[in-house]
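Novice: See final-v1.cif below, with mmCIF, C-alpha atoms.
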data_coords
#
loop_
_atom_site.label_atom_id
_atom_site.label_comp_id
_atom_site.auth_asym_id
_atom_site.auth_seq_id
_atom_site.Cartn_x
_atom_site.Cartn_y
_atom_site.Cartn_z
CA MET A 1 8.71 23.81 -6.09
CA LYS A 2 6.03 21.63 -4.51
CA LEU A 3 5.04 18.12 -5.63
CA LEU A 4 2.45 15.55 -4.61
CA HIS A 5 3.68 11.94 -4.76
CA PHE A 6 1.27 9.00 -4.50
CA SER A 7 1.03 5.44 -5.79
CA ASP A 8 -0.75 2.09 -5.73
CA ILE A 9 -4.32 3.31 -5.58
CA HIS A 10 -5.52 -0.09 -6.92
CA ILE A 11 -9.03 0.88 -7.97
CA GLY A 12 -11.06 -2.32 -8.26
CA MET A 13 -10.15 -3.81 -4.88
CA GLU A 14 -13.70 -4.47 -3.78
CA ASN A 15 -13.28 -7.00 -0.97
CA TYR A 16 -15.36 -6.38 2.18
CA ALA A 17 -17.93 -4.48 0.13
CA LYS A 18 -21.68 -4.15 0.06
CA LEU A 19 -23.92 -2.46 -2.47
CA ASP A 20 -24.38 1.27 -2.10
CA PRO A 21 -28.16 1.87 -2.40
CA GLN A 22 -27.81 5.35 -3.93
CA THR A 23 -25.34 4.58 -6.73
CA GLY A 24 -25.67 0.81 -7.12
CA LEU A 25 -21.87 0.59 -6.91
CA SER A 26 -19.62 -1.31 -4.53
CA THR A 27 -19.04 0.65 -1.32
CA ARG A 28 -15.35 -0.26 -1.47
CA LEU A 29 -15.08 1.15 -4.98
CA LEU A 30 -16.57 4.36 -3.60
CA ASP A 31 -14.05 4.22 -0.74
CA PHE A 32 -11.16 4.28 -3.19
CA PHE A 33 -12.75 7.08 -5.22
CA LYS A 34 -13.23 9.09 -2.00
CA THR A 35 -9.55 8.67 -1.17
CA PHE A 36 -8.61 9.77 -4.69
CA ASP A 37 -10.87 12.83 -4.29
CA PHE A 38 -8.93 13.72 -1.12
CA ILE A 39 -5.68 13.49 -3.09
CA VAL A 40 -7.03 15.79 -5.81
CA GLU A 41 -8.32 18.36 -3.32
CA THR A 42 -5.04 18.27 -1.38
CA ALA A 43 -3.11 18.99 -4.58
CA PHE A 44 -5.30 22.04 -5.18
CA GLU A 45 -5.27 23.20 -1.55
CA LYS A 46 -1.46 22.97 -1.29
CA GLU A 47 -1.05 24.53 -4.74
CA VAL A 48 1.46 21.93 -5.82
CA ASP A 49 3.41 22.40 -9.03
CA ALA A 50 3.07 18.80 -10.23
CA VAL A 51 1.48 15.48 -9.26
CA VAL A 52 3.58 12.35 -9.75
CA PHE A 53 1.94 8.93 -9.64
CA ALA A 54 4.25 5.94 -9.12
CA GLY A 55 2.10 3.24 -10.73
CA ASP A 56 -0.70 0.68 -10.17
CA ALA A 57 -3.87 2.58 -10.96
CA TYR A 58 -6.05 -0.53 -10.91
CA LYS A 59 -6.28 -3.91 -9.26
CA THR A 60 -6.07 -5.77 -12.58
CA ARG A 61 -4.73 -5.23 -16.09
CA ASP A 62 -8.30 -5.24 -17.40
CA PRO A 63 -10.29 -2.68 -15.37
CA ASN A 64 -13.97 -2.38 -16.15
CA PRO A 65 -15.42 0.83 -17.67
CA THR A 66 -16.73 2.13 -14.34
CA GLN A 67 -13.29 1.86 -12.76
CA GLN A 68 -11.66 3.51 -15.77
CA ARG A 69 -14.19 6.32 -15.77
CA GLY A 70 -13.62 7.01 -12.07
CA PHE A 71 -9.84 7.14 -12.43
CA GLY A 72 -10.02 9.19 -15.64
CA GLU A 73 -12.41 11.80 -14.20
CA ARG A 74 -10.01 12.54 -11.37
CA ILE A 75 -6.93 12.66 -13.57
CA ARG A 76 -8.73 15.08 -15.90
CA LYS A 77 -9.73 17.29 -12.96
CA LEU A 78 -6.12 17.42 -11.78
CA ALA A 79 -4.72 18.06 -15.25
CA LYS A 80 -6.91 21.13 -15.80
CA LYS A 81 -4.73 22.95 -13.26
CA ILE A 82 -1.63 20.85 -12.54
CA PRO A 83 0.77 18.75 -14.62
CA VAL A 84 0.32 15.02 -13.93
CA VAL A 85 2.99 12.39 -14.58
CA LEU A 86 2.06 8.69 -14.50
CA VAL A 87 4.46 5.75 -14.64
CA VAL A 88 3.16 2.31 -15.50
CA GLY A 89 3.04 -0.26 -12.67
CA ASN A 90 2.97 -4.06 -12.75
CA HIS A 91 -0.82 -4.10 -12.34
CA ASP A 92 -1.06 -1.74 -15.32
CA THR A 93 1.26 -3.76 -17.54
CA PRO A 94 -0.14 -6.38 -19.97
CA ASN A 95 1.48 -9.81 -20.17
CA ALA A 96 2.14 -9.42 -23.90
CA GLU A 97 4.47 -6.62 -24.96
CA GLY A 98 2.34 -5.50 -27.92
CA LYS A 99 -0.78 -4.87 -25.84
CA ALA A 100 -1.70 -1.46 -24.49
CA ASN A 101 -1.39 -0.85 -20.75
CA THR A 102 -4.20 0.63 -18.68
CA LEU A 103 -2.71 4.15 -18.81
CA ASP A 104 -2.00 4.30 -22.55
CA ILE A 105 -5.38 5.88 -23.23
CA TYR A 106 -4.04 9.23 -21.91
CA SER A 107 -1.16 9.16 -24.39
CA ALA A 108 -3.40 8.02 -27.24
CA LEU A 109 -5.84 10.87 -26.65
CA GLU A 110 -2.98 13.34 -26.11
CA ILE A 111 -4.59 14.70 -22.95
CA ASP A 112 -3.09 18.10 -22.14
CA ASN A 113 -0.95 18.25 -19.01
CA VAL A 114 -0.73 14.44 -18.63
CA TRP A 115 2.47 12.48 -19.29
CA VAL A 116 2.53 8.66 -19.28
CA SER A 117 5.87 6.85 -19.11
CA ARG A 118 6.12 3.19 -20.07
CA VAL A 119 9.88 3.14 -20.81
CA PRO A 120 12.87 4.59 -18.93
CA GLU A 121 13.25 8.18 -20.09
CA LEU A 122 14.00 11.74 -19.02
CA LEU A 123 10.96 14.00 -19.09
CA GLU A 124 11.00 17.76 -18.85
CA ILE A 125 7.78 19.00 -17.27
CA PRO A 126 6.88 22.71 -17.38
CA THR A 127 5.36 23.92 -14.10
CA LYS A 128 4.37 27.31 -12.71
CA SER A 129 7.62 27.30 -10.70
CA GLY A 130 9.86 26.35 -13.59
CA ASN A 131 10.88 23.14 -15.33
CA LEU A 132 10.99 19.82 -13.48
CA GLN A 133 13.18 17.03 -14.82
CA ILE A 134 11.92 13.50 -14.15
CA VAL A 135 13.89 10.33 -14.76
CA THR A 136 11.36 7.50 -15.02
CA LEU A 137 11.59 3.77 -14.46
CA PRO A 138 8.20 2.12 -15.06
CA TRP A 139 7.60 -1.59 -14.45
CA LEU A 140 9.48 -3.52 -17.11
CA HIS A 141 9.48 -7.03 -18.45
CA LYS A 142 12.08 -9.16 -16.69
CA ASN A 143 14.71 -9.19 -19.43
CA ASP A 144 14.65 -5.40 -19.69
CA TYR A 145 16.20 -5.06 -16.22
CA LYS A 146 19.49 -6.67 -17.30
CA THR A 147 20.88 -3.38 -18.59
CA ILE A 148 18.90 -0.98 -16.39
CA GLY A 149 21.93 0.38 -14.56
CA GLU A 150 23.53 1.36 -17.84
CA LYS A 151 20.29 2.93 -19.14
CA LEU A 152 19.83 4.99 -15.99
CA ARG A 153 23.40 6.25 -16.12
CA LEU A 154 22.79 7.57 -19.64
CA LEU A 155 19.64 9.34 -18.42
CA TYR A 156 21.42 10.83 -15.39
CA ASP A 157 24.07 12.22 -17.72
CA LYS A 158 21.35 14.18 -19.54
CA ILE A 159 20.14 15.99 -16.40
CA GLN A 160 20.66 19.76 -16.61
CA LYS A 161 21.92 21.67 -13.56
CA ASN A 162 19.61 24.65 -13.99
CA SER A 163 16.40 22.92 -12.76
CA PRO A 164 15.52 20.27 -10.15
CA ALA A 165 15.42 16.58 -11.05
CA ILE A 166 13.56 13.72 -9.43
CA PHE A 167 13.24 10.00 -10.09
CA LEU A 168 9.80 8.37 -10.51
CA SER A 169 9.48 4.60 -10.50
CA HIS A 170 7.34 1.57 -9.85
CA ALA A 171 9.89 -0.95 -8.65
CA GLU A 172 11.00 -3.21 -5.83
CA VAL A 173 14.19 -1.91 -4.25
CA ILE A 174 16.46 -4.25 -2.33
CA GLY A 175 16.07 -3.65 1.40
CA ALA A 176 12.51 -2.33 1.27
CA GLU A 177 10.07 -3.80 3.77
CA TYR A 178 6.89 -5.36 2.39
CA GLY A 179 3.48 -5.02 3.94
CA SER A 180 0.67 -7.52 3.39
CA GLU A 181 0.74 -6.89 -0.37
CA LYS A 182 3.56 -9.43 -0.83
CA GLY A 183 0.89 -12.00 -1.73
CA MET A 184 -0.23 -9.74 -4.61
CA THR A 185 3.21 -9.78 -6.21
CA ILE A 186 5.04 -12.39 -8.21
CA ALA A 187 7.61 -14.45 -6.32
CA ASN A 188 10.34 -13.84 -8.90
CA ASP A 189 9.86 -10.08 -9.23
CA VAL A 190 13.08 -8.31 -10.17
CA THR A 191 14.62 -6.19 -7.43
CA ILE A 192 16.96 -3.28 -8.08
CA PRO A 193 19.80 -2.09 -5.83
CA LEU A 194 19.30 1.09 -3.84
CA SER A 195 22.67 2.37 -4.99
CA ILE A 196 21.51 2.99 -8.58
CA LEU A 197 18.90 5.44 -7.23
CA GLN A 198 21.31 7.41 -5.07
CA GLU A 199 22.33 9.78 -7.82
CA LYS A 200 23.65 13.11 -6.52
CA LYS A 201 21.81 15.04 -9.27
CA LEU A 202 18.44 13.90 -7.91
CA SER A 203 16.54 15.84 -5.26
CA TYR A 204 13.94 13.16 -4.56
CA VAL A 205 13.14 9.58 -5.57
CA ALA A 206 9.38 8.85 -5.68
CA LEU A 207 8.63 5.13 -5.53
CA GLY A 208 5.60 2.88 -5.87
CA HIS A 209 4.88 -0.87 -5.73
CA ILE A 210 5.35 -1.53 -2.02
CA HIS A 211 2.31 -0.53 0.03
CA LYS A 212 4.12 0.31 3.26
CA HIS A 213 5.30 3.91 3.53
CA GLN A 214 9.03 4.05 4.21
CA VAL A 215 12.18 6.06 3.62
CA LEU A 216 15.07 4.03 2.20
CA SER A 217 17.65 6.80 1.97
CA LYS A 218 18.22 10.47 2.71
CA ASP A 219 21.01 10.91 0.20
CA PRO A 220 18.92 11.76 -1.78
CA LEU A 221 15.51 11.10 -0.26
CA VAL A 222 14.29 7.72 -1.56
CA VAL A 223 10.67 7.29 -0.50
CA TYR A 224 7.86 4.79 -0.94
CA ALA A 225 4.63 6.75 -0.55
CA GLY A 226 2.82 3.50 0.21
CA SER A 227 -0.76 2.83 -0.82
CA PRO A 228 -3.30 5.54 0.08
CA HIS A 229 -5.96 3.01 1.09
CA ARG A 230 -6.05 -0.20 3.13
CA ILE A 231 -6.44 -3.38 1.12
CA ASP A 232 -7.03 -5.97 3.86
CA PHE A 233 -6.43 -6.82 7.53
CA GLY A 234 -2.71 -7.20 6.91
CA GLU A 235 -2.64 -3.40 6.62
CA GLU A 236 -4.85 -2.81 9.67
CA LYS A 237 -2.10 -1.08 11.68
CA GLU A 238 -0.41 0.74 8.79
CA GLU A 239 -0.79 4.46 8.26
CA LYS A 240 -1.90 5.27 4.73
CA GLY A 241 -1.22 8.47 2.88
CA ILE A 242 0.63 10.57 0.32
CA CYS A 243 3.86 12.57 0.26
CA LEU A 244 3.97 16.34 -0.13
CA VAL A 245 7.45 17.23 -1.40
CA THR A 246 9.14 20.62 -1.31
CA ILE A 247 12.24 21.23 -3.44
CA ASP A 248 14.19 24.36 -2.51
CA ASP A 249 15.97 26.40 -5.13
CA VAL A 250 18.44 27.86 -2.65
CA ILE A 251 20.54 25.99 -0.07
CA PRO A 252 19.23 26.91 3.41
CA ALA A 253 21.68 28.41 5.91
CA GLU A 254 21.57 25.41 8.27
CA ALA A 255 23.62 22.35 7.36
CA GLY A 256 23.42 18.65 8.13
CA ILE A 257 20.71 16.02 7.80
CA GLN A 258 17.32 16.98 9.17
CA LYS A 259 14.29 14.78 9.48
CA ASN A 260 12.88 14.01 6.03
CA ARG A 261 15.47 16.19 4.33
CA SER A 262 18.20 15.39 1.87
CA PRO A 263 21.66 16.08 3.32
CA ILE A 264 22.99 19.38 2.08
CA LYS A 265 26.19 18.89 0.12
CA SER A 266 28.57 21.13 -1.73
CA GLY A 267 27.22 21.68 -5.20
CA MET A 268 23.64 20.64 -4.35
CA THR A 269 21.29 23.44 -5.36
CA PHE A 270 17.91 21.74 -5.00
CA PRO A 271 17.61 20.01 -1.57
CA ALA A 272 14.24 18.40 -0.83
CA THR A 273 12.00 17.79 2.16
CA PHE A 274 8.71 15.92 2.38
CA GLN A 275 5.72 15.57 4.64
CA PHE A 276 3.69 12.37 4.90
CA THR A 277 -0.02 13.22 4.95
CA LYS A 278 -2.53 10.60 6.03
CA THR A 279 -5.55 9.93 3.85
CA PRO A 280 -9.09 9.45 5.22
CA CYS A 281 -9.41 5.77 4.35
CA ARG A 282 -11.59 2.96 5.69
CA GLU A 283 -10.36 1.47 8.98
CA PHE A 284 -10.02 -2.24 9.76
CA LEU A 285 -10.46 -3.65 13.26
CA THR A 286 -9.81 -7.08 14.75
CA ILE A 287 -11.47 -7.86 18.08
CA ILE A 288 -9.99 -10.83 19.97
CA VAL A 289 -11.94 -12.31 22.89
CA ASN A 290 -10.30 -14.88 25.16
CA LEU A 291 -13.02 -16.65 27.13
CA LYS A 292 -12.40 -18.50 30.39
CA GLY A 293 -13.70 -21.99 31.09
CA SER A 294 -15.44 -20.76 34.22
CA ASP A 295 -17.31 -17.97 32.43
CA PRO A 296 -21.03 -18.36 33.29
CA ASN A 297 -22.18 -16.03 30.50
CA PRO A 298 -19.73 -16.07 27.57
CA THR A 299 -22.12 -14.18 25.27
CA GLN A 300 -22.16 -11.18 27.62
CA THR A 301 -18.37 -11.29 27.90
CA ILE A 302 -18.09 -11.07 24.11
CA LEU A 303 -20.64 -8.24 23.96
CA ASN A 304 -18.68 -6.35 26.63
CA GLU A 305 -15.47 -6.64 24.58
CA ILE A 306 -17.25 -5.40 21.45
CA GLY A 307 -18.68 -2.49 23.46
CA LYS A 308 -15.18 -1.33 24.37
CA GLN A 309 -14.34 -0.74 20.70
CA THR A 310 -15.34 1.97 18.25
CA ILE A 311 -16.69 -0.04 15.33
CA ASN A 312 -18.69 2.57 13.41
CA GLU A 313 -18.15 2.21 9.64
CA LYS A 314 -15.11 -0.04 10.11
CA VAL A 315 -14.45 -3.42 8.53
CA VAL A 316 -14.56 -5.68 11.59
CA LYS A 317 -13.73 -9.26 12.37
CA VAL A 318 -14.10 -11.02 15.71
CA ILE A 319 -11.95 -13.92 16.91
CA ILE A 320 -13.32 -15.83 19.90
CA ASN A 321 -11.02 -18.27 21.68
CA ILE A 322 -13.19 -20.79 23.51
CA PRO A 323 -11.87 -23.27 26.13
CA ALA A 324 -13.17 -26.81 25.62
CA GLU A 325 -14.63 -26.93 29.10
CA ILE A 326 -16.81 -23.86 28.72
CA SER A 327 -20.41 -24.70 29.55
CA GLY A 328 -22.31 -21.53 28.61
CA GLU A 329 -23.89 -21.23 25.16
CA ILE A 330 -22.73 -18.48 22.79
CA GLU A 331 -25.65 -16.65 21.19
CA MET A 332 -24.40 -15.65 17.75
CA ASP A 333 -27.48 -13.59 16.86
CA LYS A 334 -26.76 -11.18 19.73
CA ILE A 335 -23.11 -10.85 18.68
CA LYS A 336 -24.07 -10.05 15.08
CA LYS A 337 -26.57 -7.48 16.29
CA ALA A 338 -23.88 -5.80 18.41
CA LEU A 339 -21.80 -5.38 15.24
CA ASN A 340 -24.56 -3.63 13.27
CA ALA A 341 -22.71 -0.30 13.27
CA ALA A 342 -19.75 -1.81 11.39
CA HIS A 343 -19.44 -1.16 7.68
CA TYR A 344 -18.81 -4.83 7.06
CA ILE A 345 -18.49 -7.91 9.28
CA ALA A 346 -15.53 -9.78 7.80
CA GLY A 347 -16.11 -12.81 9.99
CA ILE A 348 -16.75 -14.19 13.46
CA SER A 349 -14.33 -17.02 14.16
CA ARG A 350 -14.83 -19.46 17.02
CA ASN A 351 -11.65 -21.28 17.94
CA VAL A 352 -12.39 -24.15 20.30
CA GLU A 353 -9.33 -25.23 22.25
CA ARG A 354 -9.12 -29.03 22.46
CA LYS A 355 -6.99 -30.45 25.24
CA GLU A 356 -5.63 -33.95 25.01
CA ARG A 357 -4.23 -36.15 27.74
CA ILE A 358 -1.75 -38.88 27.01
CA ILE A 359 -2.05 -41.95 29.26
CA ILE A 360 0.79 -44.39 29.06
CA GLU A 361 0.45 -47.91 30.39
CA THR A 362 3.43 -48.27 32.72
CA LYS A 363 3.04 -51.96 33.38
CA GLY A 364 6.04 -53.68 31.81
CA VAL A 365 7.05 -50.50 29.98
CA GLU A 366 10.63 -50.84 31.13
CA THR A 367 10.99 -53.97 28.99
CA LEU A 368 9.72 -52.28 25.82
CA SER A 369 11.67 -50.57 23.08
CA PRO A 370 10.89 -46.85 22.49
CA ILE A 371 8.75 -47.70 19.41
CA GLN A 372 6.79 -50.34 21.37
CA ALA A 373 6.31 -47.94 24.28
CA LEU A 374 4.96 -45.30 21.92
CA GLY A 375 2.40 -47.78 20.67
CA LYS A 376 1.07 -48.19 24.20
CA LYS A 377 -0.15 -44.59 24.39
CA ILE A 378 -3.87 -44.07 24.79
CA TYR A 379 -5.29 -40.67 23.80
CA SER A 380 -8.42 -39.27 25.37
CA SER A 381 -10.05 -35.85 25.11
CA SER A 382 -11.02 -33.84 28.12
#
Could you rewrite the structure in this file as structure tokens?
Specialist:
Amino acid sequence: MKLLHFSDIHIGMENYAKLDPQTGLSTRLLDFFKTFDFIVETAFEKEVDAVVFAGDAYKTRDPNPTQQRGFGERIRKLAKKIPVVLVVGNHDTPNAEGKANTLDIYSALEIDNVWVSRVPELLEIPTKSGNLQIVTLPWLHKNDYKTIGEKLRLLYDKIQKNSPAIFLSHAEVIGAEYGSEKGMTIANDVTIPLSILQEKKLSYVALGHIHKHQVLSKDPLVVYAGSPHRIDFGEEKEEKGICLVTIDDVIPAEAGIQKNRSPIKSGMTFPATFQFTKTPCREFLTIIVNLKGSDPNPTQTILNEIGKQTINEKVVKVIINIPAEISGEIEMDKIKKALNAAHYIAGISRNVERKERIIIETKGVETLSPIQALGKKIYSSS
């Protein structure tokens, strides 16, 4: 059985955008749709049995109609051929319990082949390779986590041994490493222990919420897919992608723990492996230029540094560190022109280094107290 696991697509993140002249839409909105299109086409190309989405479809709890249409069109395209399971994330969850979340529309319309989970439950999903059992843990209100261990144990007890089972959740697990998205989360978010996910009946644990791809455990595989698109410069160096999961129905002959494989144990009939596949998302680039005080032509030095980089269609920012004693003028118009090939210029920062000398009057200083001596300091810039 083959699955595609992705999460945190955050449609509506439109920072570093300009207007697309053909559609009139934000270019960053189109970026996120393009990444989603890649996910859909990969699911078809790899002939996966199910697509599991681990939460956070949108940037906000109130997406606009264009964002909803874009997400819905792609979910519908997937669901025509492949079962799709969506768990609700924190960005999908309304503040008031009675309000609908951003994914409820699929349940309300009873869209064929789409399951939306907003409470912990055990789903049984029919696929072309047999039934798939999914224990879900969507994002919950804080008080609901108090008994979550007990609730999950009851769900684990319901898992049947004749078909594979996975866990699908949007949650923060203790020990996971945050990327730059920490600022998007609430300081008092509830964290859950890794141990309650390490159920021997599970072949794979598909997680969302944290944008950095990582493997927390191999017993079973506990994996954050990470976000499929870069949000800001904090994610400049991070690889972005999706997870393609294979669940075997027969224990392979070889034993032991292999890379990205659950350890094979006595009684385990559905061991899993996964492959992280990078998505074609917009790149971010920071160019740092450290000028010297003796530089006779600082503008050309900056242009030379820009010329060393591939900036085409990237979101670019330039940081120029300028010694105070530099005498040459920096021609900003030429620098901006050199960045024309970039998708978006996020900023050109000029950091002027100020050096200060401290001159202390030494005459009679030996008779002064430390506080009096401090008052004798004279500061001058150079």
Novice: So the first atom is atom CA of A:Val173 and the second is atom CA of A:Ile148; what is the distance between them in Å, to one decimal place?
Specialist: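 It comes out at 13.1 Å.
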Novice: Let me know the residues the PyMOL selection byres ((chain A and resi 115-117) around 7) catches in the file above, as number ranges by chain.
Specialist: A: 84-88, 103, 107, 113-114, 118-119, 136, 138
Novice: For the structure provided, state which residues fall under the PyMOL selection byres ((chain A and resi 161) around 12), and present them as an MDAnalysis selection string.
Specialist: chainID A and resid 131:133 156:160 162:165 200:203 249 267:270
Novice: Please provide as a ChimeraX atom specification all residues within 8 Å of A:Gly226, with the sequence filter that same-chain residues fewer than 6 positions apart are discarded (counting only C-alpha atoms).
Specialist: /A:6-8,208-214,240-242
Novice: Those same residues, written as an mmCIF file, in the frame of the given file with C-alpha atoms?
Specialist:
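This is the output file out-v9.cif:
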data_model
loop_
_atom_site.group_PDB
_atom_site.id
_atom_site.type_symbol
_atom_site.label_atom_id
_atom_site.label_comp_id
_atom_site.auth_asym_id
_atom_site.auth_seq_id
_atom_site.Cartn_x
_atom_site.Cartn_y
_atom_site.Cartn_z
ATOM 1 C CA PHE A 6 1.270 9.000 -4.500
ATOM 2 C CA SER A 7 1.030 5.440 -5.790
ATOM 3 C CA ASP A 8 -0.750 2.090 -5.730
ATOM 4 C CA GLY A 208 5.600 2.880 -5.870
ATOM 5 C CA HIS A 209 4.880 -0.870 -5.730
ATOM 6 C CA ILE A 210 5.350 -1.530 -2.020
ATOM 7 C CA HIS A 211 2.310 -0.530 0.030
ATOM 8 C CA LYS A 212 4.120 0.310 3.260
ATOM 9 C CA HIS A 213 5.300 3.910 3.530
ATOM 10 C CA GLN A 214 9.030 4.050 4.210
ATOM 11 C CA LYS A 240 -1.900 5.270 4.730
ATOM 12 C CA GLY A 241 -1.220 8.470 2.880
ATOM 13 C CA ILE A 242 0.630 10.570 0.320
#
Novice: If we count all atoms listed in the file, what is near stretch 331-340 of chain A at a cut-off of 8 Å, once residues fewer than 4 positions away on the same chain are taken out, given as a VMD selection string?
Specialist: chain A and resid 299 302 to 303 306 to 307 311 345
Novice: Around the point (-12.1, 14.1, -2.7) in the file's coordinates, collect all residues with an atom within 12 Å, using only C-alpha atoms, and return them as a PyMOL selection string.
Specialist: chain A and resi 30-45+70+73-74+77-78+279-281
Novice: Could the residues in this selection be saved with C-alpha atoms as a short mmCIF file (atom, residue, chain, number, x, y, z; two decimals), in the frame of the given file?
Specialist:
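Here's the written file selection.cif:
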data_model
loop_
_atom_site.label_atom_id
_atom_site.label_comp_id
_atom_site.auth_asym_id
_atom_site.auth_seq_id
_atom_site.Cartn_x
_atom_site.Cartn_y
_atom_site.Cartn_z
CA LEU A 30 -16.57 4.36 -3.60
CA ASP A 31 -14.05 4.22 -0.74
CA PHE A 32 -11.16 4.28 -3.19
CA PHE A 33 -12.75 7.08 -5.22
CA LYS A 34 -13.23 9.09 -2.00
CA THR A 35 -9.55 8.67 -1.17
CA PHE A 36 -8.61 9.77 -4.69
CA ASP A 37 -10.87 12.83 -4.29
CA PHE A 38 -8.93 13.72 -1.12
CA ILE A 39 -5.68 13.49 -3.09
CA VAL A 40 -7.03 15.79 -5.81
CA GLU A 41 -8.32 18.36 -3.32
CA THR A 42 -5.04 18.27 -1.38
CA ALA A 43 -3.11 18.99 -4.58
CA PHE A 44 -5.30 22.04 -5.18
CA GLU A 45 -5.27 23.20 -1.55
CA GLY A 70 -13.62 7.01 -12.07
CA GLU A 73 -12.41 11.80 -14.20
CA ARG A 74 -10.01 12.54 -11.37
CA LYS A 77 -9.73 17.29 -12.96
CA LEU A 78 -6.12 17.42 -11.78
CA THR A 279 -5.55 9.93 3.85
CA PRO A 280 -9.09 9.45 5.22
CA CYS A 281 -9.41 5.77 4.35
#
Novice: With stretch 55-67 of chain A as the partner and 12 Å as the cut-off, tabulate the residues of stretch 132-233 of chain A that qualify, each row holding the nearest pair of atoms and their distance in Å to one decimal, using only C-alpha atoms, sorted by chain and rising number, as a tab-separated table.
Specialist:
residue	atom	partner	partner_atom	distance
A:Thr136	CA	A:Gly55	CA	11.1
A:Leu137	CA	A:Gly55	CA	10.2
A:Pro138	CA	A:Gly55	CA	7.6
A:Trp139	CA	A:Gly55	CA	8.2
A:Leu140	CA	A:Gly55	CA	11.9
A:Leu168	CA	A:Gly55	CA	9.3
A:Ser169	CA	A:Gly55	CA	7.5
A:His170	CA	A:Gly55	CA	5.6
A:Ala171	CA	A:Gly55	CA	9.1
A:Glu181	CA	A:Lys59	CA	11.7
A:Met184	CA	A:Lys59	CA	9.6
A:Thr185	CA	A:Lys59	CA	11.6
A:Ala206	CA	A:Gly55	CA	10.5
A:Leu207	CA	A:Gly55	CA	8.6
A:Gly208	CA	A:Gly55	CA	6.0
A:His209	CA	A:Gly55	CA	7.0
A:Ile210	CA	A:Asp56	CA	10.4
A:His211	CA	A:Asp56	CA	10.7
A:Tyr224	CA	A:Gly55	CA	11.5
A:Ala225	CA	A:Gly55	CA	11.1
A:Gly226	CA	A:Gly55	CA	11.0
A:Ser227	CA	A:Asp56	CA	9.6
A:Pro228	CA	A:Ala57	CA	11.4
A:Ile231	CA	A:Lys59	CA	10.4
Novice: I need the residue nearest A:Val223 from this list: A:Asn15, A:His141, A:His5, A:Lys278. Use only C-alpha atoms for the distance.
Specialist: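 Smallest separation from A:Val223 among the options: A:His5.
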Novice: Need to verify the contact set: A:Arg230, 9 Å, only C-alpha atoms, exclusion of same-chain residues closer than 5 positions in sequence. Can you return it as a count of residues only?
Specialist: 10
Novice: Just the residues within 12 Å of A:Leu291, please, counting only C-alpha atoms, with nothing from its chain fewer than 2 positions along; format it as a count of residues only.
Specialist: 31
Novice: Using Å and a single decimal, report how far atom CA of A:Leu25 sits from atom CA of A:Ile11.
Specialist: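 Atom-to-atom, atom CA of A:Ile11 and atom CA of A:Leu25 are spaced 12.9 Å apart.
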Novice: Given the file shown, enumerate the residues that the PyMOL selection byres ((chain A and resi 196) around 10) captures and present them as a VMD selection string.
Specialist: chain A and resid 148 to 150 152 to 153 173 192 to 195 197 to 199
Novice: Please compute the atom CA of A:Pro120-atom CA of A:Ile166 distance, one decimal, in Å.
Specialist: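 Taking atom CA of A:Pro120 as the start and atom CA of A:Ile166 as the end point, the length is 13.2 Å.
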Novice: Box for stretch 207-223 of chain A - axis-aligned, 4 Å on each of the six sides, all listed atoms - centre and size in Å to one decimal, as lines of an AutoDock Vina configuration file.
Specialist:
center_x = 11.7
center_y = 5.1
center_z = -0.8
size_x = 26.7
size_y = 21.3
size_z = 18.1
Novice: Kindly indicate which residue among A:Ala342, A:Ser217, A:Lys2, A:Thr286 lies nearest to A:Lys237, using all atoms listed in the file for the distances.
Specialist: A:Thr286
